[in-house]
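Colleague: File structure-v1.txt below, compact mmCIF, C-alpha atoms and all ligand atoms:
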```
# COMPACT_ATOMS: atom_id res chain seq x y z
CA MET H 12 79.85 91.31 110.25
CA GLN H 13 81.96 93.98 111.93
CA GLU H 14 85.34 94.49 110.19
CA GLU H 15 88.39 93.94 112.38
CA ARG H 16 90.05 97.29 113.18
CA LYS H 17 93.78 97.00 112.40
CA ILE H 18 95.98 99.78 113.71
CA PRO H 19 98.92 100.55 111.41
CA THR H 20 102.27 100.74 113.20
CA HIS H 21 103.49 103.58 110.99
CA ILE H 22 101.45 106.09 108.98
CA ALA H 23 103.22 108.53 106.67
CA PHE H 24 101.46 111.66 105.42
CA ILE H 25 101.98 113.75 102.31
CA MET H 26 100.34 117.01 103.37
CA ASP H 27 98.88 118.52 100.21
CA GLY H 28 96.31 121.18 99.41
CA ASN H 29 97.16 123.97 101.84
CA GLY H 30 97.33 126.47 98.97
CA ARG H 31 94.01 125.40 97.45
CA TRP H 32 92.33 125.40 100.85
CA ALA H 33 93.41 129.03 101.34
CA LYS H 34 92.52 130.07 97.78
CA ARG H 35 88.94 128.85 98.26
CA ARG H 36 88.70 131.24 101.19
CA LEU H 37 90.34 134.07 99.24
CA MET H 38 93.22 133.95 101.71
CA PRO H 39 96.99 133.94 101.05
CA ARG H 40 98.71 130.54 100.65
CA LYS H 41 100.61 131.05 103.89
CA PHE H 42 97.33 131.10 105.78
CA GLY H 43 96.71 127.63 104.34
CA HIS H 44 100.07 126.48 105.71
CA LYS H 45 99.27 128.02 109.09
CA MET H 46 96.05 126.01 109.24
CA GLY H 47 98.07 123.06 107.94
CA VAL H 48 100.16 123.20 111.11
CA GLU H 49 96.95 123.03 113.17
CA ALA H 50 95.92 119.94 111.20
CA LEU H 51 99.36 118.43 111.77
CA LYS H 52 98.92 118.81 115.54
CA ARG H 53 95.42 117.27 115.42
CA VAL H 54 96.62 114.33 113.35
CA ILE H 55 99.62 113.62 115.62
CA ASP H 56 97.36 113.58 118.69
CA ALA H 57 94.70 111.45 117.00
CA CYS H 58 97.29 108.91 115.84
CA GLU H 59 98.80 108.76 119.30
CA LYS H 60 95.37 108.17 120.85
CA ALA H 61 94.56 105.48 118.29
CA GLY H 62 97.72 103.56 119.21
CA VAL H 63 99.78 104.28 116.08
CA LYS H 64 103.47 103.95 117.02
CA GLU H 65 105.16 106.05 114.34
CA VAL H 66 104.04 108.93 112.11
CA SER H 67 105.96 110.66 109.34
CA PHE H 68 105.18 113.94 107.59
CA TYR H 69 106.45 115.55 104.39
CA ALA H 70 106.75 119.17 105.53
CA LEU H 71 109.36 120.62 103.17
CA SER H 72 110.78 118.86 100.14
CA THR H 73 114.12 119.36 98.41
CA GLU H 74 112.04 120.81 95.53
CA ASN H 75 109.96 123.26 97.61
CA TRP H 76 112.79 125.82 97.69
CA SER H 77 111.78 127.01 94.23
CA ARG H 78 108.55 128.50 95.65
CA PRO H 79 108.32 132.29 96.13
CA LYS H 80 110.65 133.56 98.86
CA ASP H 81 107.73 135.00 100.80
CA GLU H 82 106.08 131.55 101.06
CA ILE H 83 109.34 129.78 101.98
CA ASP H 84 110.07 132.38 104.67
CA ALA H 85 106.59 131.89 106.11
CA LEU H 86 107.04 128.10 106.12
CA LEU H 87 110.44 128.40 107.82
CA ASP H 88 108.94 130.71 110.46
CA MET H 89 106.23 128.13 111.11
CA VAL H 90 108.78 125.35 111.49
CA LYS H 91 110.71 127.43 114.05
CA LYS H 92 107.53 128.29 115.96
CA PHE H 93 106.40 124.67 115.82
CA ALA H 94 109.77 123.57 117.22
CA ASP H 95 109.66 126.11 120.05
CA ASP H 96 106.04 125.48 121.06
CA GLU H 97 104.77 122.05 120.08
CA LEU H 98 107.87 119.89 119.64
CA GLN H 99 109.14 121.03 122.99
CA LYS H 100 105.84 119.85 124.53
CA TYR H 101 106.10 116.53 122.70
CA VAL H 102 109.48 115.89 124.32
CA GLU H 103 107.83 116.32 127.73
CA LYS H 104 104.97 114.01 126.69
CA ASN H 105 107.47 111.19 126.03
CA TYR H 106 107.09 111.46 122.22
CA ARG H 107 110.24 110.87 120.25
CA VAL H 108 110.80 113.60 117.67
CA ARG H 109 113.09 112.96 114.73
CA PHE H 110 113.74 114.45 111.34
CA MET H 111 114.55 113.23 107.87
CA GLY H 112 116.22 115.32 105.21
CA GLU H 113 119.20 117.64 105.29
CA LEU H 114 118.63 120.19 107.99
CA HIS H 115 121.73 122.16 106.97
CA ARG H 116 119.71 124.26 104.50
CA LEU H 117 117.49 125.58 107.27
CA PRO H 118 118.40 128.77 109.15
CA GLU H 119 121.05 128.04 111.81
CA VAL H 120 118.75 128.98 114.72
CA THR H 121 116.03 126.59 113.50
CA ARG H 122 118.45 123.76 112.83
CA THR H 123 119.97 124.09 116.29
CA ALA H 124 116.50 124.03 117.91
CA LEU H 125 115.48 120.93 115.92
CA GLU H 126 118.69 119.06 116.68
CA LYS H 127 118.30 119.86 120.37
CA ILE H 128 114.75 118.44 120.35
CA ALA H 129 115.85 115.29 118.52
CA ARG H 130 118.64 114.76 121.07
CA ALA H 131 116.44 115.50 124.09
CA SER H 132 113.75 113.05 122.96
CA ALA H 133 116.02 110.29 121.64
CA GLY H 134 115.35 108.07 124.66
CA ASN H 135 111.57 108.67 124.74
CA THR H 136 109.36 105.64 124.34
CA GLY H 137 106.05 107.13 123.13
CA ILE H 138 104.93 107.75 119.55
CA VAL H 139 107.72 108.59 117.09
CA VAL H 140 107.03 111.83 115.20
CA ASN H 141 109.27 111.98 112.15
CA ILE H 142 109.26 115.19 110.10
CA GLY H 143 110.74 115.55 106.63
CA LEU H 144 112.45 118.92 106.17
CA ASN H 145 114.48 119.63 103.05
CA TYR H 146 113.70 115.98 102.39
CA GLY H 147 113.80 114.04 99.14
CA GLY H 148 113.68 110.26 98.81
CA ARG H 149 116.34 110.11 96.10
CA ASP H 150 118.61 112.45 98.02
CA GLU H 151 118.19 110.29 101.15
CA ILE H 152 119.13 107.10 99.27
CA VAL H 153 122.16 108.73 97.63
CA ARG H 154 123.37 110.06 100.99
CA ALA H 155 122.90 106.66 102.60
CA VAL H 156 124.84 104.84 99.84
CA ASN H 157 127.66 107.37 100.03
CA LYS H 158 127.78 106.94 103.80
CA LEU H 159 128.21 103.19 103.37
CA ILE H 160 130.92 103.67 100.73
CA GLU H 161 132.74 106.09 103.02
CA GLU H 162 132.52 103.60 105.90
CA LYS H 163 133.68 100.85 103.50
CA LYS H 164 130.58 98.78 104.28
CA PRO H 165 128.90 96.49 101.75
CA VAL H 166 125.63 97.87 100.36
CA THR H 167 122.85 95.47 101.33
CA VAL H 168 119.16 95.92 102.10
CA GLU H 169 119.97 95.72 105.82
CA SER H 170 122.97 98.09 105.77
CA LEU H 171 121.07 100.61 103.64
CA ASN H 172 118.09 100.48 106.00
CA LEU H 173 120.44 101.48 108.80
CA ALA H 174 122.12 104.26 106.80
CA LEU H 175 118.86 106.01 105.89
CA ASP H 176 117.44 108.96 107.87
CA THR H 177 114.74 106.56 109.10
CA ALA H 178 117.24 104.09 110.60
CA GLY H 179 115.54 101.96 113.24
CA MET H 180 111.98 102.90 112.17
CA ASN H 181 109.43 100.53 110.68
CA ASP H 182 108.54 101.04 107.03
CA PRO H 183 105.22 102.92 106.69
CA ASP H 184 102.24 100.55 106.60
CA VAL H 185 100.21 103.28 104.98
CA ILE H 186 101.09 106.37 102.97
CA VAL H 187 98.31 108.94 102.98
CA ARG H 188 98.08 111.82 100.54
CA SER H 189 95.54 114.58 100.87
CA ALA H 190 93.86 116.82 98.29
CA GLY H 191 93.05 114.00 95.87
CA GLU H 192 96.55 113.82 94.34
CA LYS H 193 97.85 110.35 93.57
CA ARG H 194 101.62 110.75 93.45
CA LEU H 195 104.53 109.86 95.73
CA SER H 196 106.51 113.01 94.82
CA ASN H 197 109.89 111.69 95.98
CA PHE H 198 108.61 110.79 99.47
CA MET H 199 110.04 107.77 101.34
CA LEU H 200 110.90 105.97 98.08
CA TRP H 201 112.83 103.12 99.68
CA GLN H 202 110.57 102.73 102.70
CA SER H 203 107.32 102.63 100.69
CA ALA H 204 108.15 99.35 98.88
CA TYR H 205 105.17 97.53 100.46
CA SER H 206 103.11 100.42 101.82
CA GLU H 207 99.38 100.67 101.26
CA PHE H 208 98.32 103.95 99.65
CA VAL H 209 95.31 105.85 100.90
CA TYR H 210 94.17 108.94 99.03
CA ILE H 211 91.87 111.39 100.76
CA ASP H 212 90.15 114.10 98.75
CA ASP H 213 90.06 116.62 101.62
CA PHE H 214 92.67 119.36 101.68
CA TRP H 215 95.28 118.94 104.41
CA PRO H 216 94.01 121.76 106.70
CA ASP H 217 90.69 119.86 107.01
CA PHE H 218 92.34 116.72 108.43
CA ASP H 219 91.31 115.77 111.97
CA ALA H 220 90.67 112.81 114.26
CA ALA H 221 87.76 111.65 112.08
CA THR H 222 90.08 111.54 109.04
CA VAL H 223 92.52 109.39 111.02
CA GLU H 224 89.64 107.01 111.81
CA ARG H 225 88.75 106.83 108.08
CA ILE H 226 92.37 105.98 107.27
CA ILE H 227 92.44 103.22 109.89
CA ALA H 228 89.12 101.85 108.61
CA GLU H 229 90.43 101.81 105.02
CA TYR H 230 93.69 100.18 106.09
CA SER H 231 91.75 97.54 108.04
CA LYS H 232 90.09 96.45 104.77
CA ARG H 233 93.38 95.93 102.94
CA GLN H 234 94.99 92.53 102.67
CA ARG H 235 98.75 92.82 102.67
CA ARG H 236 100.74 90.07 101.01
CA PHE H 237 104.26 91.53 100.76
CA GLY H 238 104.68 89.87 97.36
CA ALA H 239 103.73 86.41 98.58
CA LEU H 240 100.71 84.26 97.65
CA GLN H 241 98.37 83.94 100.60
C1 LIG F 1 101.46 121.31 100.33
O1 LIG F 1 100.43 122.21 100.05
C2 LIG F 1 102.09 121.59 101.59
C3 LIG F 1 103.37 122.00 101.76
C4 LIG F 1 104.31 122.21 100.64
C5 LIG F 1 103.92 122.30 103.07
C6 LIG F 1 103.37 121.49 104.22
C7 LIG F 1 103.69 122.24 105.43
C8 LIG F 1 102.92 122.42 106.53
C9 LIG F 1 101.65 121.73 106.79
C10 LIG F 1 103.32 123.37 107.59
C11 LIG F 1 104.77 123.45 108.00
C12 LIG F 1 105.28 122.28 108.70
C13 LIG F 1 105.73 122.23 109.97
C14 LIG F 1 106.43 121.00 110.44
C15 LIG F 1 105.58 123.31 110.92
P1 LIG F 1 100.54 123.09 98.74
O2 LIG F 1 101.05 124.43 99.11
O3 LIG F 1 101.35 122.39 97.70
O4 LIG F 1 99.03 123.16 98.33
P2 LIG F 1 98.43 123.30 96.87
O5 LIG F 1 98.83 122.05 96.13
O6 LIG F 1 96.96 123.36 97.11
O7 LIG F 1 99.00 124.54 96.26
```
Produce structure tokens that represent the structure in this file.
Ligand code: FPP

Modeller:
Amino acid sequence: MQEERKIPTHIAFIMDGNGRWAKRRLMPRKFGHKMGVEALKRVIDACEKAGVKEVSFYALSTENWSRPKDEIDALLDMVKKFADDELQKYVEKNYRVRFMGELHRLPEVTRTALEKIARASAGNTGIVVNIGLNYGGRDEIVRAVNKLIEEKKPVTVESLNLALDTAGMNDPDVIVRSAGEKRLSNFMLWQSAYSEFVYIDDFWPDFDAATVERIIAEYSKRQRRFGALQ
């Protein structure tokens, strides 16, 4: 019997293995990140075509700053280029682009470009593309709680949901991690309470439309109970 194909509303990706992908080709790590950006574009388009409504990506964590300056600089350059080229196109394609994490640690010119894109696409009704930059799940929760305290609001599940960087988004139905690693690494800690986890052995730069289909097929097999007996 043919399995029913269930399309997740929200898929969140932990993009891992860029460095190893490059090393296998005797190339510098930053080349792996460059090809990682190409994979990111392929995955966004494939998800959009498949009917996924929201996608999230862990692009730069609060911990990544301890990497060599050369690698961080290359990553920041890629973010700026991605903002100027791709994100700008997404705005025109009716995608909504948003960010999670504290953008203040990014270079001023990049931060301004990202904020402009988020503002310009805020009313768009297509797929939501949510990118984590200087993002950490614990940091996000602490910021959200402090925001509620400052606003003198009671801390409840509902109020916290609305104070997080992901306010208004659905929780991820699936969290995907590439490169065979099986860790959450401080990604969407609050939002992942009932997410399904899918681990793919391929390195991130090898992700494409076929990988997205594999993820959807795997998700379709899962029975979600949200803690209840069914
Ligand atoms: C993990 O691979 C990947 C990252 C730390 C960065 C992910 C970033 C991108 C795909 C590109 C930049 C993003 C945008 C939005 C333009 P790793 O370096 O930890 O790989 P390894 O575990 O094999 O060393």

Colleague: Given the choices H:Ala228, H:Leu98, H:Leu114, H:Val156, which gets closest to ligand LIG 1 (chain F) if the distance is worked out from only C-alpha atoms and all ligand atoms?

Modeller: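 The closest residue to ligand LIG 1 (chain F) is H:Leu98.
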
Colleague: Within 7 Å of Trp215 of chain H, counting only C-alpha atoms, which residues show up once you throw out same-chain ones fewer than 4 positions away? Write them as a PyMOL selection string, please.

Modeller: chain H and resi 26-29+47+50+189-190

Colleague: Which distance in Å separates atom C1 of ligand LIG 1 (chain F) and atom CA of His44 of chain H, to one decimal?

Modeller: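 Calculated distance between atom C1 of ligand LIG 1 (chain F) and atom CA of His44 of chain H is 7.6 Å.
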
Colleague: Which one of H:Trp201, H:Ala124, H:Lys45, H:Ile138 sits closest to Glu169 of chain H if you count all atoms listed in the file?

Modeller: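 Closest residue, counting all atoms listed in the file: H:Trp201.
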
Colleague: Write out as a ChimeraX atom specification each polymer residue whose atoms come within 8 Å of Arg107 of chain H, counting all atoms listed in the file; drop sequence neighbours fewer than 4 positions from it.

Modeller: /H:101-102,129,132-140

Colleague: All residues within 8 Å of ligand LIG 1 (chain F) are required, counting all atoms listed in the file; please report them as number ranges by chain.

Modeller: H: 25-33, 40, 43-48, 50-51, 68-72, 75, 86-87, 89-94, 142-144, 190, 214-216

Colleague: Filtering to C-alpha atoms, could you give me those residues as a PDB file, keeping the file's coordinate frame?

Modeller:
```
ATOM      1  CA  ILE H  25     101.980 113.750 102.310  1.00  0.00           C
ATOM      2  CA  MET H  26     100.340 117.010 103.370  1.00  0.00           C
ATOM      3  CA  ASP H  27      98.880 118.520 100.210  1.00  0.00           C
ATOM      4  CA  GLY H  28      96.310 121.180  99.410  1.00  0.00           C
ATOM      5  CA  ASN H  29      97.160 123.970 101.840  1.00  0.00           C
ATOM      6  CA  GLY H  30      97.330 126.470  98.970  1.00  0.00           C
ATOM      7  CA  ARG H  31      94.010 125.400  97.450  1.00  0.00           C
ATOM      8  CA  TRP H  32      92.330 125.400 100.850  1.00  0.00           C
ATOM      9  CA  ALA H  33      93.410 129.030 101.340  1.00  0.00           C
ATOM     10  CA  ARG H  40      98.710 130.540 100.650  1.00  0.00           C
ATOM     11  CA  GLY H  43      96.710 127.630 104.340  1.00  0.00           C
ATOM     12  CA  HIS H  44     100.070 126.480 105.710  1.00  0.00           C
ATOM     13  CA  LYS H  45      99.270 128.020 109.090  1.00  0.00           C
ATOM     14  CA  MET H  46      96.050 126.010 109.240  1.00  0.00           C
ATOM     15  CA  GLY H  47      98.070 123.060 107.940  1.00  0.00           C
ATOM     16  CA  VAL H  48     100.160 123.200 111.110  1.00  0.00           C
ATOM     17  CA  ALA H  50      95.920 119.940 111.200  1.00  0.00           C
ATOM     18  CA  LEU H  51      99.360 118.430 111.770  1.00  0.00           C
ATOM     19  CA  PHE H  68     105.180 113.940 107.590  1.00  0.00           C
ATOM     20  CA  TYR H  69     106.450 115.550 104.390  1.00  0.00           C
ATOM     21  CA  ALA H  70     106.750 119.170 105.530  1.00  0.00           C
ATOM     22  CA  LEU H  71     109.360 120.620 103.170  1.00  0.00           C
ATOM     23  CA  SER H  72     110.780 118.860 100.140  1.00  0.00           C
ATOM     24  CA  ASN H  75     109.960 123.260  97.610  1.00  0.00           C
ATOM     25  CA  LEU H  86     107.040 128.100 106.120  1.00  0.00           C
ATOM     26  CA  LEU H  87     110.440 128.400 107.820  1.00  0.00           C
ATOM     27  CA  MET H  89     106.230 128.130 111.110  1.00  0.00           C
ATOM     28  CA  VAL H  90     108.780 125.350 111.490  1.00  0.00           C
ATOM     29  CA  LYS H  91     110.710 127.430 114.050  1.00  0.00           C
ATOM     30  CA  LYS H  92     107.530 128.290 115.960  1.00  0.00           C
ATOM     31  CA  PHE H  93     106.400 124.670 115.820  1.00  0.00           C
ATOM     32  CA  ALA H  94     109.770 123.570 117.220  1.00  0.00           C
ATOM     33  CA  ILE H 142     109.260 115.190 110.100  1.00  0.00           C
ATOM     34  CA  GLY H 143     110.740 115.550 106.630  1.00  0.00           C
ATOM     35  CA  LEU H 144     112.450 118.920 106.170  1.00  0.00           C
ATOM     36  CA  ALA H 190      93.860 116.820  98.290  1.00  0.00           C
ATOM     37  CA  PHE H 214      92.670 119.360 101.680  1.00  0.00           C
ATOM     38  CA  TRP H 215      95.280 118.940 104.410  1.00  0.00           C
ATOM     39  CA  PRO H 216      94.010 121.760 106.700  1.00  0.00           C
TER      40      PRO H 216
END
```

Colleague: Please identify all polymer residues within 12 Å of Glu59 of chain H, counting only C-alpha atoms, omitting same-chain residues fewer than 5 positions from it, and present them as an mmCIF file with C-alpha atoms, keeping the file's coordinate frame.

Modeller:
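Final file, out_3.cif:
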```
data_model
loop_
_atom_site.group_PDB
_atom_site.id
_atom_site.type_symbol
_atom_site.label_atom_id
_atom_site.label_comp_id
_atom_site.auth_asym_id
_atom_site.auth_seq_id
_atom_site.Cartn_x
_atom_site.Cartn_y
_atom_site.Cartn_z
ATOM 1 C CA ILE H 18 95.980 99.780 113.710
ATOM 2 C CA PRO H 19 98.920 100.550 111.410
ATOM 3 C CA THR H 20 102.270 100.740 113.200
ATOM 4 C CA HIS H 21 103.490 103.580 110.990
ATOM 5 C CA ILE H 22 101.450 106.090 108.980
ATOM 6 C CA LYS H 52 98.920 118.810 115.540
ATOM 7 C CA ARG H 53 95.420 117.270 115.420
ATOM 8 C CA VAL H 54 96.620 114.330 113.350
ATOM 9 C CA LYS H 64 103.470 103.950 117.020
ATOM 10 C CA GLU H 65 105.160 106.050 114.340
ATOM 11 C CA VAL H 66 104.040 108.930 112.110
ATOM 12 C CA TYR H 101 106.100 116.530 122.700
ATOM 13 C CA LYS H 104 104.970 114.010 126.690
ATOM 14 C CA ASN H 105 107.470 111.190 126.030
ATOM 15 C CA TYR H 106 107.090 111.460 122.220
ATOM 16 C CA ARG H 107 110.240 110.870 120.250
ATOM 17 C CA GLY H 137 106.050 107.130 123.130
ATOM 18 C CA ILE H 138 104.930 107.750 119.550
ATOM 19 C CA VAL H 139 107.720 108.590 117.090
ATOM 20 C CA VAL H 140 107.030 111.830 115.200
ATOM 21 C CA ALA H 220 90.670 112.810 114.260
ATOM 22 C CA VAL H 223 92.520 109.390 111.020
ATOM 23 C CA GLU H 224 89.640 107.010 111.810
#
```

Colleague: Could you jot down the atom CA of Arg225 of chain H to atom CA of Arg109 of chain H separation for me, Å, one decimal place?

Modeller: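 Atom-to-atom, atom CA of Arg225 of chain H to atom CA of Arg109 of chain H, that is 26.0 Å.
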
Colleague: Choose the residue, out of H:Pro118, H:Gly112, H:Pro79, H:Gly191, that has the smallest atom-to-atom separation from Arg154 of chain H; count all atoms listed in the file.

Modeller: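 Of H:Pro118, H:Gly112, H:Pro79, H:Gly191, the one nearest Arg154 of chain H, counting all atoms listed in the file, is H:Gly112.
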
Colleague: Pick out the closest residue to Phe110 of chain H from this set: H:Lys34, H:Ala155, H:Phe237, H:Thr177. Count only C-alpha atoms.

Modeller: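 Closest to Phe110 of chain H, using only C-alpha atoms: H:Thr177.
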
Colleague: Nearest residue to Asn172 of chain H out of H:Ile186, H:Gln202, H:Ile211, H:Phe42, using only C-alpha atoms?

Modeller: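 Of all the options, H:Gln202 lies closest to Asn172 of chain H.
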
Colleague: Applying 10 Å and all atoms listed in the file, which residues near Glu74 of chain H remain after dropping the ones on its own chain fewer than 6 positions away? List them as a PyMOL selection string.

Modeller: chain H and resi 145-147+196-197

Colleague: Record the distance separating atom CA of Asp81 of chain H and atom CA of Met38 of chain H, expressed in Å with one decimal.

Modeller: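 Going from atom CA of Asp81 of chain H over to atom CA of Met38 of chain H covers 14.6 Å.
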
Colleague: Compile the contact shell of Gly148 of chain H as JSON, numbers by chain: residues with an atom at most 6 Å away, counting only C-alpha atoms, same-chain residues fewer than 5 positions apart removed.

Modeller: {"H": [197, 198, 199, 200]}
